[in-house]
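See below for query_23.txt, which holds compact mmCIF, C-alpha atoms (C1' of nucleotides).
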```txt
# COMPACT_ATOMS: atom_id res chain seq x y z
CA MET D 1 0.00 0.00 0.00
CA ASN D 2 2.71 2.37 1.02
CA HIS D 3 4.81 1.48 -1.99
CA LEU D 4 1.90 2.18 -4.28
CA ARG D 5 1.34 5.58 -2.72
CA ARG D 6 5.01 6.45 -3.11
CA ILE D 7 5.06 5.38 -6.74
CA VAL D 8 1.99 7.44 -7.50
CA GLN D 9 3.55 10.37 -5.71
CA ALA D 10 6.78 10.00 -7.67
CA LEU D 11 4.72 10.03 -10.85
CA GLU D 12 2.98 13.22 -9.79
CA LEU D 13 6.30 14.83 -8.91
CA TYR D 14 7.57 13.89 -12.34
CA SER D 15 4.49 15.48 -13.85
CA LYS D 16 5.25 18.73 -12.01
CA GLU D 17 8.82 18.56 -13.20
CA VAL D 18 7.81 18.08 -16.82
CA GLU D 19 5.38 20.95 -16.40
CA ALA D 20 8.10 23.22 -15.04
CA ASN D 21 10.55 22.32 -17.79
CA PHE D 22 8.21 21.77 -20.69
CA GLY D 23 5.02 23.66 -19.95
CA LEU D 24 2.71 20.65 -20.07
CA THR D 25 1.47 18.49 -17.20
CA GLY D 26 1.41 14.70 -17.37
CA PRO D 27 -2.30 14.42 -18.21
CA GLN D 28 -2.01 17.15 -20.85
CA LEU D 29 0.87 15.34 -22.49
CA TRP D 30 -1.02 12.10 -22.24
CA ALA D 31 -4.08 13.55 -23.99
CA LEU D 32 -1.88 15.01 -26.71
CA TRP D 33 -0.26 11.64 -27.17
CA GLU D 34 -3.60 9.83 -27.48
CA LEU D 35 -4.67 12.34 -30.10
CA GLY D 36 -1.41 11.70 -31.93
CA GLN D 37 -2.06 7.97 -31.83
CA GLY D 38 -5.74 7.94 -32.69
CA GLY D 39 -6.17 11.06 -34.77
CA PRO D 40 -9.02 13.52 -34.24
CA MET D 41 -11.71 12.09 -32.00
CA ALA D 42 -14.75 12.97 -29.94
CA LEU D 43 -14.09 14.17 -26.41
CA LYS D 44 -15.91 11.14 -25.11
CA GLU D 45 -13.60 8.81 -27.00
CA LEU D 46 -10.54 10.63 -25.69
CA ALA D 47 -11.89 10.24 -22.17
CA ALA D 48 -12.50 6.54 -22.78
CA ARG D 49 -8.97 5.99 -24.04
CA MET D 50 -7.61 7.70 -20.95
CA HIS D 51 -10.02 5.88 -18.62
CA LEU D 52 -11.05 9.27 -17.26
CA HIS D 53 -14.39 10.94 -16.69
CA PRO D 54 -15.47 13.19 -19.59
CA SER D 55 -15.84 16.16 -17.27
CA THR D 56 -12.18 15.78 -16.32
CA VAL D 57 -11.10 15.73 -19.93
CA VAL D 58 -13.07 18.90 -20.67
CA GLY D 59 -10.67 20.77 -18.41
CA VAL D 60 -7.57 19.21 -19.89
CA VAL D 61 -8.75 20.00 -23.42
CA ASP D 62 -9.59 23.56 -22.31
CA ARG D 63 -6.03 24.08 -21.18
CA LEU D 64 -4.51 22.47 -24.26
CA SER D 65 -6.77 24.58 -26.39
CA ALA D 66 -5.74 27.74 -24.55
CA LYS D 67 -2.17 26.85 -25.52
CA ASN D 68 -3.23 26.37 -29.16
CA LEU D 69 -2.16 22.74 -29.15
CA VAL D 70 -5.60 21.34 -29.98
CA VAL D 71 -8.82 22.67 -31.47
CA ARG D 72 -12.45 21.78 -30.95
CA ALA D 73 -14.57 21.42 -34.06
CA GLU D 74 -18.17 20.52 -34.66
CA ASP D 75 -18.91 17.04 -35.87
CA PRO D 76 -21.19 17.53 -38.90
CA LEU D 77 -22.69 14.06 -38.54
CA ASP D 78 -23.64 14.42 -34.88
CA ARG D 79 -23.79 17.92 -33.59
CA ARG D 80 -23.68 16.80 -29.99
CA ARG D 81 -20.12 15.64 -30.56
CA VAL D 82 -17.01 17.78 -30.44
CA ARG D 83 -14.11 16.68 -32.58
CA VAL D 84 -10.85 17.36 -30.80
CA SER D 85 -7.78 17.47 -33.05
CA LEU D 86 -4.14 18.45 -32.87
CA THR D 87 -3.08 21.77 -34.36
CA ALA D 88 0.15 22.11 -36.30
CA LYS D 89 1.70 23.49 -33.15
CA GLY D 90 0.34 20.53 -31.24
CA LYS D 91 1.96 18.08 -33.62
CA THR D 92 5.31 19.85 -33.43
CA THR D 93 5.14 19.98 -29.65
CA LEU D 94 4.26 16.32 -29.48
CA ARG D 95 7.30 15.40 -31.54
CA LYS D 96 9.57 17.25 -29.16
CA ALA D 97 7.83 16.05 -26.01
CA PRO D 98 9.02 13.38 -23.59
CA HIS D 99 7.01 10.19 -23.82
CA PRO D 100 4.07 10.41 -21.42
CA ALA D 101 5.05 7.03 -19.95
CA GLN D 102 6.73 8.89 -17.11
CA GLY D 103 10.50 8.79 -17.40
CA ARG D 104 11.43 7.86 -13.89
CA LEU D 105 9.10 4.90 -13.78
CA VAL D 106 10.46 3.69 -17.10
CA HIS D 107 13.99 4.01 -15.77
CA GLY D 108 13.02 2.03 -12.69
CA LEU D 109 11.37 -0.64 -14.75
CA ARG D 110 14.31 -0.89 -17.14
CA SER D 111 16.65 -1.70 -14.32
CA MET D 112 14.64 -4.77 -13.37
CA SER D 113 15.25 -8.20 -14.83
CA SER D 114 12.75 -9.32 -17.45
CA ARG D 115 11.68 -12.13 -15.17
CA GLN D 116 11.00 -9.68 -12.35
CA LEU D 117 9.25 -7.40 -14.81
CA SER D 118 6.85 -9.95 -16.16
CA SER D 119 6.09 -11.14 -12.66
CA LEU D 120 5.33 -7.57 -11.63
CA HIS D 121 3.17 -7.05 -14.69
CA ARG D 122 1.25 -10.26 -14.03
CA SER D 123 0.71 -9.40 -10.39
CA LEU D 124 -0.49 -5.88 -11.12
CA GLY D 125 -2.73 -7.14 -13.90
CA ARG D 126 -4.27 -9.62 -11.55
CA LEU D 127 -4.80 -6.95 -8.93
CA VAL D 128 -6.52 -4.71 -11.47
CA GLN D 129 -8.74 -7.57 -12.55
CA ILE D 130 -9.83 -8.37 -9.02
CA MET D 131 -10.28 -4.75 -8.01
CA GLU D 132 -12.35 -3.90 -11.06
CA ALA D 133 -14.50 -6.98 -10.54
CA ASP D 134 -15.04 -5.84 -6.97
CA ASP D 135 -15.95 -2.43 -8.26
CA LEU D 136 -18.63 -3.83 -10.54
CA GLU D 137 -20.07 -5.84 -7.67
CA ALA D 138 -20.08 -2.80 -5.44
CA ARG D 139 -21.83 -0.72 -8.06
CA PHE D 140 -24.37 -3.44 -8.60
CA PHE D 141 -24.89 -3.71 -4.88
CA PHE D 142 -25.35 0.00 -4.34
CA SER D 143 -27.34 0.89 -7.43
CA PRO D 144 -28.51 -1.96 -9.66
CA GLU D 145 -29.23 -0.16 -12.90
CA MET U 1 1.90 1.89 -16.39
CA ASN U 2 -1.68 1.33 -17.31
CA HIS U 3 -2.12 -1.18 -14.52
CA LEU U 4 -0.78 1.32 -12.01
CA ARG U 5 -3.17 4.00 -13.21
CA ARG U 6 -6.10 1.61 -12.92
CA ILE U 7 -5.13 0.56 -9.42
CA VAL U 8 -4.83 4.16 -8.31
CA GLN U 9 -8.16 4.90 -9.89
CA ALA U 10 -9.78 1.97 -8.14
CA LEU U 11 -8.40 3.29 -4.87
CA GLU U 12 -9.88 6.70 -5.55
CA LEU U 13 -13.22 5.17 -6.42
CA TYR U 14 -13.12 3.28 -3.17
CA SER U 15 -12.40 6.53 -1.37
CA LYS U 16 -15.51 8.09 -2.95
CA GLU U 17 -17.51 5.09 -1.93
CA VAL U 18 -16.36 5.25 1.67
CA GLU U 19 -17.12 8.94 1.64
CA ALA U 20 -20.64 8.35 0.37
CA ASN U 21 -21.31 5.61 2.90
CA PHE U 22 -19.33 6.84 5.83
CA GLY U 23 -18.87 10.58 5.43
CA LEU U 24 -15.08 10.53 5.38
CA THR U 25 -12.74 10.43 2.40
CA GLY U 26 -9.73 8.14 2.21
CA PRO U 27 -7.18 10.80 3.21
CA GLN U 28 -9.37 12.01 6.05
CA LEU U 29 -9.66 8.48 7.39
CA TRP U 30 -5.97 8.01 6.92
CA ALA U 31 -5.13 11.11 8.93
CA LEU U 32 -7.51 10.04 11.67
CA TRP U 33 -5.86 6.66 11.75
CA GLU U 34 -2.36 8.14 12.03
CA LEU U 35 -3.54 10.26 14.93
CA GLY U 36 -4.98 7.14 16.53
CA GLN U 37 -1.65 5.36 16.12
CA GLY U 38 0.67 8.17 17.14
CA GLY U 39 -1.41 10.21 19.55
CA PRO U 40 -1.60 14.02 19.36
CA MET U 41 1.10 15.45 17.15
CA ALA U 42 2.18 18.56 15.30
CA LEU U 43 0.69 19.12 11.89
CA LYS U 44 4.12 18.81 10.40
CA GLU U 45 4.60 15.40 11.95
CA LEU U 46 1.23 14.23 10.68
CA ALA U 47 2.23 15.38 7.20
CA ALA U 48 5.54 13.54 7.49
CA ARG U 49 3.81 10.32 8.53
CA MET U 50 1.50 10.59 5.54
CA HIS U 51 4.32 11.57 3.17
CA LEU U 52 2.25 14.58 2.17
CA HIS U 53 2.99 18.28 1.92
CA PRO U 54 2.03 20.23 5.07
CA SER U 55 -0.19 22.55 3.04
CA THR U 56 -2.19 19.54 1.90
CA VAL U 57 -2.67 18.34 5.43
CA VAL U 58 -3.89 21.75 6.56
CA GLY U 59 -6.96 21.22 4.36
CA VAL U 60 -7.58 17.70 5.57
CA VAL U 61 -7.31 18.79 9.19
CA ASP U 62 -9.63 21.73 8.46
CA ARG U 63 -12.31 19.36 7.22
CA LEU U 64 -11.84 16.89 10.05
CA SER U 65 -12.00 19.75 12.47
CA ALA U 66 -15.21 21.06 10.88
CA LYS U 67 -16.67 17.63 11.61
CA ASN U 68 -15.46 17.83 15.21
CA LEU U 69 -13.29 14.75 14.84
CA VAL U 70 -10.03 16.52 15.69
CA VAL U 71 -9.02 19.72 17.45
CA ARG U 72 -6.10 22.06 17.02
CA ALA U 73 -4.38 23.22 20.19
CA GLU U 74 -1.44 25.46 20.88
CA ASP U 75 1.82 23.80 21.81
CA PRO U 76 2.95 25.64 24.99
CA LEU U 77 6.59 24.74 24.39
CA ASP U 78 6.73 26.01 20.82
CA ARG U 79 4.01 28.40 19.84
CA ARG U 80 4.70 27.92 16.16
CA ARG U 81 3.45 24.38 16.47
CA VAL U 82 -0.16 23.24 16.38
CA ARG U 83 -0.99 20.10 18.27
CA VAL U 84 -3.63 18.12 16.40
CA SER U 85 -5.51 15.59 18.49
CA LEU U 86 -8.54 13.35 18.24
CA THR U 87 -11.74 14.42 19.96
CA ALA U 88 -13.91 11.91 21.79
CA LYS U 89 -16.10 11.83 18.71
CA GLY U 90 -13.02 11.26 16.59
CA LYS U 91 -11.98 8.27 18.66
CA THR U 92 -15.46 6.75 18.48
CA THR U 93 -15.63 7.30 14.75
CA LEU U 94 -12.22 5.77 14.27
CA ARG U 95 -13.29 2.62 16.11
CA LYS U 96 -16.27 2.19 13.80
CA ALA U 97 -14.38 3.12 10.62
CA PRO U 98 -13.15 0.76 7.93
CA HIS U 99 -9.37 0.36 7.95
CA PRO U 100 -7.86 3.01 5.72
CA ALA U 101 -5.88 0.33 3.87
CA GLN U 102 -8.49 0.41 1.13
CA GLY U 103 -10.73 -2.65 1.22
CA ARG U 104 -10.71 -3.64 -2.40
CA LEU U 105 -6.96 -3.59 -2.65
CA VAL U 106 -6.69 -5.71 0.46
CA HIS U 107 -9.18 -8.15 -1.00
CA GLY U 108 -7.15 -8.33 -4.20
CA LEU U 109 -3.93 -8.86 -2.30
CA ARG U 110 -5.44 -11.53 -0.08
CA SER U 111 -6.37 -13.60 -3.10
CA MET U 112 -2.75 -13.82 -4.21
CA SER U 113 -0.35 -16.51 -3.10
CA SER U 114 2.17 -15.47 -0.49
CA ARG U 115 4.95 -16.14 -2.97
CA GLN U 116 3.32 -13.83 -5.53
CA LEU U 117 2.70 -11.30 -2.77
CA SER U 118 6.25 -11.09 -1.54
CA SER U 119 7.51 -10.88 -5.10
CA LEU U 120 5.11 -8.02 -5.77
CA HIS U 121 6.18 -6.29 -2.59
CA ARG U 122 9.84 -6.66 -3.46
CA SER U 123 9.33 -5.38 -6.98
CA LEU U 124 7.33 -2.36 -5.87
CA GLY U 125 9.83 -1.62 -3.13
CA ARG U 126 12.63 -1.69 -5.63
CA LEU U 127 10.73 0.60 -7.97
CA VAL U 128 10.16 3.07 -5.16
CA GLN U 129 13.82 2.98 -4.26
CA ILE U 130 14.94 3.67 -7.80
CA MET U 131 12.32 6.33 -8.45
CA GLU U 132 13.07 8.19 -5.24
CA ALA U 133 16.79 8.07 -5.96
CA ASP U 134 16.06 9.52 -9.39
CA ASP U 135 14.03 12.21 -7.75
CA LEU U 136 16.92 13.28 -5.56
CA GLU U 137 19.21 13.41 -8.55
CA ALA U 138 16.73 15.47 -10.51
CA ARG U 139 16.29 17.93 -7.66
CA PHE U 140 20.03 18.25 -7.31
CA PHE U 141 20.39 18.73 -11.03
CA PHE U 142 17.73 21.40 -11.29
CA SER U 143 18.50 23.36 -8.14
CA PRO U 144 21.71 22.52 -6.33
CA GLU U 145 21.15 24.22 -2.97
C1' DG H 1 -44.43 12.82 -36.82
C1' DC H 2 -43.86 13.65 -31.98
C1' DA H 3 -43.33 12.85 -27.01
C1' DG H 4 -40.11 10.72 -24.10
C1' DA H 5 -35.74 8.51 -23.33
C1' DT H 6 -30.88 8.55 -24.19
C1' DT H 7 -26.43 10.49 -25.30
C1' DG H 8 -22.41 14.02 -25.57
C1' DA H 9 -20.52 17.98 -23.73
C1' DT H 10 -20.42 21.29 -20.36
C1' DT H 11 -20.84 23.58 -15.76
C1' DG H 12 -20.53 24.07 -10.77
C1' DG H 13 -19.20 22.18 -6.49
C1' DC H 14 -15.92 19.78 -3.90
C1' DA H 15 -11.57 17.16 -2.18
C1' DT H 16 -6.64 16.15 -3.09
C1' DG H 17 -2.25 17.54 -4.03
C1' DC H 18 1.53 20.73 -5.16
C1' DC H 19 4.26 25.23 -4.89
C1' DA H 20 5.29 30.02 -3.66
C1' DA H 21 4.61 33.54 -0.54
C1' DT H 22 3.42 35.13 4.01
C1' DT H 23 3.34 35.41 9.05
C1' DA H 24 4.77 34.33 13.55
C1' DA H 25 7.86 32.17 16.54
C1' DA H 26 12.28 30.26 17.81
C1' DA H 27 17.36 29.75 17.28
C1' DG H 28 21.90 31.40 16.30
C1' DG H 29 25.70 34.56 15.73
C1' DA H 30 28.29 38.75 16.16
C1' DT R 1 21.53 41.94 23.18
C1' DC R 2 19.94 42.59 18.53
C1' DC R 3 19.79 41.02 13.89
C1' DT R 4 19.59 37.33 10.72
C1' DT R 5 18.22 32.82 9.59
C1' DT R 6 15.45 28.97 10.10
C1' DT R 7 11.19 26.63 11.04
C1' DA R 8 5.87 25.71 11.45
C1' DA R 9 1.63 26.75 9.80
C1' DT R 10 -1.21 29.01 6.80
C1' DT R 11 -2.98 31.19 2.45
C1' DG R 12 -3.78 31.68 -2.49
C1' DG R 13 -3.33 29.88 -6.98
C1' DC R 14 -3.57 26.07 -9.93
C1' DA R 15 -4.33 21.24 -12.08
C1' DT R 16 -6.56 16.70 -11.50
C1' DG R 17 -10.33 14.04 -10.65
C1' DC R 18 -15.11 12.92 -9.37
C1' DC R 19 -20.33 13.57 -9.35
C1' DA R 20 -24.80 15.76 -10.18
C1' DA R 21 -27.25 18.76 -12.92
C1' DT R 22 -28.07 21.01 -17.28
C1' DC R 23 -28.57 21.74 -22.29
C1' DA R 24 -28.77 20.43 -26.89
C1' DA R 25 -29.09 16.90 -30.18
C1' DT R 26 -30.33 12.37 -31.46
C1' DC R 27 -32.93 8.19 -31.23
C1' DT R 28 -37.19 5.30 -30.13
C1' DG R 29 -41.77 3.87 -29.68
C1' DC R 30 -46.23 4.68 -30.58
```

Take the structure I supplied and represent it as structure tokens, if you would.
Amino acid sequence: MNHLRRIVQALELYSKEVEANFGLTGPQLWALWELGQGGPMALKELAARMHLHPSTVVGVVDRLSAKNLVVRAEDPLDRRRVRVSLTAKGKTTLRKAPHPAQGRLVHGLRSMSSRQLSSLHRSLGRLVQIMEADDLEARFFFSPE
Amino acid sequence: MNHLRRIVQALELYSKEVEANFGLTGPQLWALWELGQGGPMALKELAARMHLHPSTVVGVVDRLSAKNLVVRAEDPLDRRRVRVSLTAKGKTTLRKAPHPAQGRLVHGLRSMSSRQLSSLHRSLGRLVQIMEADDLEARFFFSPE
DNA sequence: GCAGATTGATTGGCATGCCAATTAAAAGGA
DNA sequence: TCCTTTTAATTGGCATGCCAATCAATCTGC
């Protein structure tokens, strides 16, 4: 538990550091990266790819848009949707940016043996599986819709 | 990376759930628990035990104090310090509260073999070690005071 | 075709978390 | 002793993240 908290904290510190030296926070970089991978997409899809709540992503897109790295456009086929896409500046920035996979963590992982690594990956994957199953149960228990 | 994010997210969801059903968020419960373990202590010490920034803990203590679960008192020996301590209500609440070690995670961990568990613990511990070492280096590199 | 349900984005409210700056108190040095 | 530095707590500003509520657009059933 404590280790997890420390890792998360180290990730957040890294995000601050990137922000101070590059002008973009971790989540902002991450969103930019997803847009680079998947091309222009609806805000809802971006949120889904990031496993975040849409209302969270609205704020991130707002800030990226204020920096002229992305633009919102109307989707002609479904006017409820907002197509978020990279600007030219966004693409350039993305090319120069550090990979959003959080440098320090990557460094830490690289220094582990591949056997250790795959064991860690398996264990974490299993944890996620169990915790998300629990979550579904809990949701069902509290509000069965 | 993705697994870590999901685990953290599951923890936050659990915190929301506890809040909805118990009236206290994860960090609030955590602070209460530390006070239960260590007795009355300075805000700074509480922050150190939680590995959080003092300014963060000010807010948590504010909210706990608004709920009459803790009180701030002046330290007669050092008037800069604020002694935070549990109220009677705080102690009662703490006895009834779920353990702050995040139920779903515990459940997930319990279902793993002890061999898997200790391997996971070792791996995470190693990651923390490496990431925190990196952090020191980075701080030194960016601002060598 | 039209009323009612659903869906996508947004807003407002709130809790965490950080940092930088401020204030008050204590410690240290000349 | 007095002045400077350090230390503890707080404040204000900001970014994430959630949820609940709202608004507009789309879809469905009758």

Selection near region 15-23 of chain R, 12 Å with all atoms listed in the file, sequence-local residues under 3 positions removed, as a ChimeraX atom specification: /D:12,15-16,19,24-28,51-60,62-63,80 /U:8-9,12-17,19-20 /H:7-19

Between C1' of DC27 (chain R) and C1' of DA5 (chain H) - distance in Å to one decimal: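 Spanning C1' of DA5 (chain H) to C1' of DC27 (chain R) is a straight-line distance of 8.4 Å.
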
Which residue of R:DA25, R:DA9, R:DC14, R:DT4 approaches DA30 (chain H) most closely, using all atoms listed in the file: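 Checking each candidate against DA30 (chain H), we get R:DT4 as the closest.
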
Answer as a VMD selection string, residues within 10 Å of (2.7, 15.2, 9.7) using all atoms listed in the file: chain U and resid 31 34 to 35 41 to 54 57 to 58 84

Those residues with C-alpha atoms, as a compact mmCIF listing (two decimals), in the coordinates of the input please?
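result-v5.txt, freshly written:
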```
# COMPACT_ATOMS: atom_id res chain seq x y z
CA ALA U 31 -5.13 11.11 8.93
CA GLU U 34 -2.36 8.14 12.03
CA LEU U 35 -3.54 10.26 14.93
CA MET U 41 1.10 15.45 17.15
CA ALA U 42 2.18 18.56 15.30
CA LEU U 43 0.69 19.12 11.89
CA LYS U 44 4.12 18.81 10.40
CA GLU U 45 4.60 15.40 11.95
CA LEU U 46 1.23 14.23 10.68
CA ALA U 47 2.23 15.38 7.20
CA ALA U 48 5.54 13.54 7.49
CA ARG U 49 3.81 10.32 8.53
CA MET U 50 1.50 10.59 5.54
CA HIS U 51 4.32 11.57 3.17
CA LEU U 52 2.25 14.58 2.17
CA HIS U 53 2.99 18.28 1.92
CA PRO U 54 2.03 20.23 5.07
CA VAL U 57 -2.67 18.34 5.43
CA VAL U 58 -3.89 21.75 6.56
CA VAL U 84 -3.63 18.12 16.40
```

Separation of CA of Val18 (chain D) from CA of Gly125 (chain D), in Å and rounded to one decimal: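 Between these atoms lies a distance of 27.5 Å.
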
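The interatomic distance for the pair CA of Pro40 (chain U) and CA of Arg83 (chain U) works out to 6.2 Å.
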
Using all atoms listed in the file: which of D:Leu11, D:Leu4, D:Leu29, D:Lys67 has the shortest distance to Arg95 (chain D):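 Of D:Leu11, D:Leu4, D:Leu29, D:Lys67, the one nearest Arg95 (chain D), counting all atoms listed in the file, is D:Leu29.
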
Which residue of D:Gly39, D:Leu32, D:Pro76, D:Gln116 approaches chain R most closely, using all atoms listed in the file: D:Pro76

Residue neighbourhood Lys96 (chain U), 12 Å, all atoms listed in the file, exclusion window fewer than 2 positions, as a ChimeraX atom specification: /U:22,24,29,32-33,89-94,98-100

Contact residues around Thr87 (chain D) with only C-alpha atoms (C1' of nucleotides) at 7 Å, ignoring same-chain residues under 4 positions, as a ChimeraX atom specification: /D:68-71,91

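The shortest atom-to-atom distance to Leu77 (chain D), with all atoms listed in the file taken into account, belongs to R:DT26 out of R:DT1, R:DT11, R:DT26, R:DT6.
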
Minimum-distance residue to chain H, chosen among D:Arg126, D:Ala66, D:Ser118, D:Arg72 (using only C-alpha atoms (C1' of nucleotides)):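 Checking each of D:Arg126, D:Ala66, D:Ser118, D:Arg72 against chain H, counting only C-alpha atoms (C1' of nucleotides), the winner is D:Arg72.
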